[in-house]
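Participant: Mind looking over this structure? Questions follow.
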Amino acid sequence: MNQIHFALQVFAALAVVLAATTVCGRLAMLVKQPRVVGEMVAGVLLGPALLGAVAPGVQAQLFPADVKSTLYVLSTIGLTFYMFLVGSSLDHGLTTGANARKASVLAVSGIVPTFLLGAGAALLFFDSLSPEGSSLWVFMLFVGGALSITAFPMLARILQERGIANTPIGGLTLVAAAIDDAVAWAFLALIIAVGASGSPSGALRTILGAALFAVLMLTVGRKLLAKLGERAERDGELSRDMVAVILLLVLLAGWYTDLIGVFSVFGGFITGLAMPKSPVVRHELETKLSDLNSILLLPVFFAFSGLNTRLDGFGSGGALWFPLAVIMLAAFAGKYLGCGLVVRAQGYSWRYASAVGGLMNARGLMILIFINIGLAYDLVTPEMFAILVAVAIVTTAAAMPIYRASLPDHLEAGADVRTPSPVR
């Protein structure tokens with residue numbers, strides 16, 4: 001009977017999460033924001049920020065500790081498969097030649113200044129916002145790394161919706177965001193290895209284990225999976241058994257990377273990168289895996305993030321407002337100015353430079369994944385977690401207004417996006 005009661009609790013929690021994220025997602029779209037912004041807000045509203053403050057008894061009944069543990073497991077599975085789909089959707093053809101060089105420069109221009117500003121902000125607030133016993137360097141690395149992220153999947157969706165994914169500026173921005181994300185996950189693996197292993201030898205084992213997994217998966221694994229792609233191309237679909245093999249591979253990769261201390265999303269992402277770039281495989285994976293994952297499991301992650309987001313420090317006394325302002329400024333300025341100036345230097349107009357700077361500030365789901373992993377490994381305090389959630393929501397929500405203000409429709413549709421005299 002207890003198991004039946006627990007199952008009812010989980011079903012009720014999932015129903016509330018699905019309803020809240022769906023409604024807030026639709027409301028976000030009505031005000032011309034990406035759906036993910038509304039889903040992020042919904043997660044926070046289900047936490048102590050609103051539901052816990054207005055109806056603490058209801059929230060406690062909906063999300064008791066054992067239900068939260070179940071939501072954590074479901075969200076981890078969802079995140080692992082989400083990162084697998086992100087990796088499998090990357091177009092390796094875009095990462096070669098002159099386009100790759102320009103995109104790499106753009107990616108670096110967004111990562112380096114944002115990382116330095118974020119690390120500086122972390123140094124400033126180390127005494128008040130770092131976990132007890134935390135290393136200064138690990139805290140600086142984590143905050144700087146979190147702010148350096150750009151949400152590649154959300155950016156891809158925005159560019160596709162606007163019909164500019166295949167334009168020079170769209171392709172440049174998209175590849176730069178993909179590079180940003182790949183660097184971010186490698187960086188997070190390194191931070192966790194150093195910060196959570198407890199010893200230099202433990203960190204070395206974690207780093208070597210992650211590197212060995214990545215090398216094997218992207219060499220031997222890619223060659224073996226290429227045969228699966230060839231069969232899918234011949235058959236015109238992925239059979240049930242082939243999908244089962246892929247799911248098993250993702251789960252094993254997530255299990256292994258979790259086991260060595262890198263977190264399962266790294267395993268999912270690397271496995272996705274190893275998938276064959278077959279149109280049939282891509283279409284079948286998107287059709288068979290995307291809806292359940294994005295409609296149900298990822299909203300569970302937003303809810304779990306919201307349940308961990310406490311806004312006490314923003315109330316009476318407002319102790320977190322100043323750190324929030326500094327970190328928000330570091331996050332925005334690093335991406336907007338760093339990316340914008342490089343785009344301008346590559347010969348695009350100031351309007352396009354501003355548009356790219358705004359888009360590269362969209363951190364979306366990716367930073368939430370990053371900081372939730374940090375919270376799980378005690379790399380950040382609940383107060384810093386709340387600040388970074390606010391940064392995630394605000395910078396993501398600001399991306400499209402900045403883009404539209406920089407590039408109105410009549411300019412976006414223009415044939416020539418370059419300046420008359422390219423800047424050298």
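Identifiers in the structure tokens: chain A, B, ... in order shown; residue index from 1 per chain; ligand index from 1 in order shown.
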How close does stretch 332-406 of chain A get to stretch 166-185 of chain A? List, as JSON lines, each residue of stretch 332-406 of chain A within 9 Å, its nearest atom pair and the distance in Å to one decimal, counting only C-alpha atoms.

Facilitator:
{"residue": "A:Val343", "atom": "CA", "partner": "A:Ile169", "partner_atom": "CA", "distance": 8.9}
{"residue": "A:Tyr348", "atom": "CA", "partner": "A:Ile169", "partner_atom": "CA", "distance": 8.5}
{"residue": "A:Tyr352", "atom": "CA", "partner": "A:Ile169", "partner_atom": "CA", "distance": 7.8}
{"residue": "A:Val356", "atom": "CA", "partner": "A:Thr173", "partner_atom": "CA", "distance": 6.7}
{"residue": "A:Leu359", "atom": "CA", "partner": "A:Thr173", "partner_atom": "CA", "distance": 8.1}
{"residue": "A:Met360", "atom": "CA", "partner": "A:Ala177", "partner_atom": "CA", "distance": 7.0}
{"residue": "A:Met366", "atom": "CA", "partner": "A:Asp181", "partner_atom": "CA", "distance": 8.0}
{"residue": "A:Phe370", "atom": "CA", "partner": "A:Trp185", "partner_atom": "CA", "distance": 8.2}

Participant: Run DSSP on the backbone and grab whatever in stretch 9-149 of chain A lands in alpha helix (DSSP H); send it over as a PyMOL selection string.

Facilitator: chain A and resi 9-30+35-45+51-54+56-62+65-89+97-124+126-129+136-147

Participant: What lies within 10 Å of A:Ala121 using only C-alpha atoms, ignoring chain neighbours under 5 positions off, as a count of residues only?

Facilitator: 14

Participant: Just the residues within 12 Å of A:Leu320, please, counting only C-alpha atoms, with nothing from its chain fewer than 6 positions along; format it as number ranges by chain.

Facilitator: A: 125, 128-129, 310-314, 326-328, 382-388, 390

Participant: Output N, CA and C atoms of each residue in that selection to a file, as a short mmCIF file (atom, residue, chain, number, x, y, z; two decimals), in the first residue's frame.

Facilitator:
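Result file is out.cif:
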data_model
loop_
_atom_site.label_atom_id
_atom_site.label_comp_id
_atom_site.auth_asym_id
_atom_site.auth_seq_id
_atom_site.Cartn_x
_atom_site.Cartn_y
_atom_site.Cartn_z
N PHE A 125 33.39 37.63 -3.92
CA PHE A 125 32.36 37.15 -2.98
C PHE A 125 32.70 35.78 -2.40
N SER A 128 31.72 35.17 1.36
CA SER A 128 30.30 35.17 1.72
C SER A 128 29.46 34.15 0.97
N LEU A 129 29.91 33.70 -0.22
CA LEU A 129 29.04 32.86 -1.05
C LEU A 129 29.63 31.50 -1.43
N ARG A 310 16.35 29.02 -3.38
CA ARG A 310 15.81 29.79 -2.25
C ARG A 310 16.12 31.27 -2.47
N LEU A 311 15.10 32.11 -2.30
CA LEU A 311 15.26 33.54 -2.56
C LEU A 311 15.26 34.35 -1.27
N ASP A 312 15.55 33.69 -0.13
CA ASP A 312 15.53 34.39 1.16
C ASP A 312 16.43 35.62 1.15
N GLY A 313 17.61 35.49 0.55
CA GLY A 313 18.58 36.58 0.57
C GLY A 313 18.18 37.79 -0.24
N PHE A 314 17.11 37.65 -1.06
CA PHE A 314 16.63 38.79 -1.84
C PHE A 314 15.52 39.54 -1.11
N VAL A 326 26.51 42.42 -9.60
CA VAL A 326 27.89 42.30 -10.09
C VAL A 326 28.04 41.09 -11.01
N ILE A 327 27.50 39.95 -10.59
CA ILE A 327 27.63 38.73 -11.38
C ILE A 327 26.82 38.83 -12.67
N MET A 328 25.64 39.46 -12.59
CA MET A 328 24.83 39.66 -13.80
C MET A 328 25.57 40.54 -14.80
N PRO A 382 23.62 27.34 -1.68
CA PRO A 382 22.27 27.63 -2.18
C PRO A 382 22.10 29.09 -2.59
N GLU A 383 22.80 30.01 -1.90
CA GLU A 383 22.68 31.43 -2.23
C GLU A 383 23.30 31.72 -3.60
N MET A 384 24.49 31.19 -3.87
CA MET A 384 25.10 31.39 -5.18
C MET A 384 24.30 30.67 -6.26
N PHE A 385 23.74 29.53 -5.92
CA PHE A 385 22.88 28.81 -6.85
C PHE A 385 21.69 29.69 -7.27
N ALA A 386 21.05 30.35 -6.28
CA ALA A 386 19.91 31.22 -6.58
C ALA A 386 20.32 32.37 -7.48
N ILE A 387 21.50 32.94 -7.23
CA ILE A 387 22.00 34.04 -8.06
C ILE A 387 22.20 33.57 -9.50
N LEU A 388 22.79 32.41 -9.67
CA LEU A 388 23.07 31.90 -11.01
C LEU A 388 21.79 31.49 -11.74
N ALA A 390 18.98 33.14 -11.36
CA ALA A 390 18.49 34.45 -11.82
C ALA A 390 19.25 34.92 -13.05
#

Participant: To one decimal place, how far is atom CA of A:Ala53 from atom CA of A:Leu74 in Å?

Facilitator: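 Computed distance, atom CA of A:Ala53 to atom CA of A:Leu74, equals 25.5 Å.
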
Participant: Which residue is closest to A:Pro401? Choose from A:Val31, A:Leu251, A:Leu297, A:Ile367 and count only C-alpha atoms.

Facilitator: A:Val31

Participant: Can you measure atom CA of A:Ser148 to atom CA of A:Val394 for me? One decimal in Å is fine.

Facilitator: 14.9 Å

Participant: Could you name the residues that touch A:Met275 at 8 Å or less, counting only C-alpha atoms, but leaving out those on the same chain fewer than 4 positions away, as a list of chain:residue names?

Facilitator: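 Skipping anything fewer than 4 positions along the chain leaves A:Ser88, A:Arg222, A:Leu225, A:Ala226, A:Thr271.
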
Participant: Need to verify the contact set: stretch 233-240 of chain A, 7 Å, only C-alpha atoms, exclusion of same-chain residues closer than 6 positions in sequence. Can you return it as number ranges by chain?

Facilitator: A: 280-281, 284

Participant: So what do you get for atom CA of A:Leu298 versus atom CA of A:Leu155, distance-wise?

Facilitator: 17.1 Å

Participant: Neighbours of A:Ile402 within 8 Å (only C-alpha atoms; same-chain residues fewer than 3 positions away dropped), as a PyMOL selection string?

Facilitator: chain A and resi 354-355+358-359+398-399+405-406

Participant: Go through A:Ser264, A:Ser278, A:Ser135, A:Ser349 one by one, measure the shortest atom-to-atom distance of each to A:Phe81 using only C-alpha atoms, and give the residue with the smallest value.

Facilitator: A:Ser264

Participant: Counting only C-alpha atoms, figure out which residue out of A:Ala274, A:Leu62, A:Ala122, A:Ala186 gets nearest to A:Gly221.

Facilitator: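 That would be A:Ala274, the residue with the smallest distance to A:Gly221.
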
Participant: May I ask which of the residues A:Ala303, A:Leu30, A:Val73, A:Val10 is the closest one to A:Gln61, counting only C-alpha atoms?

Facilitator: A:Val10
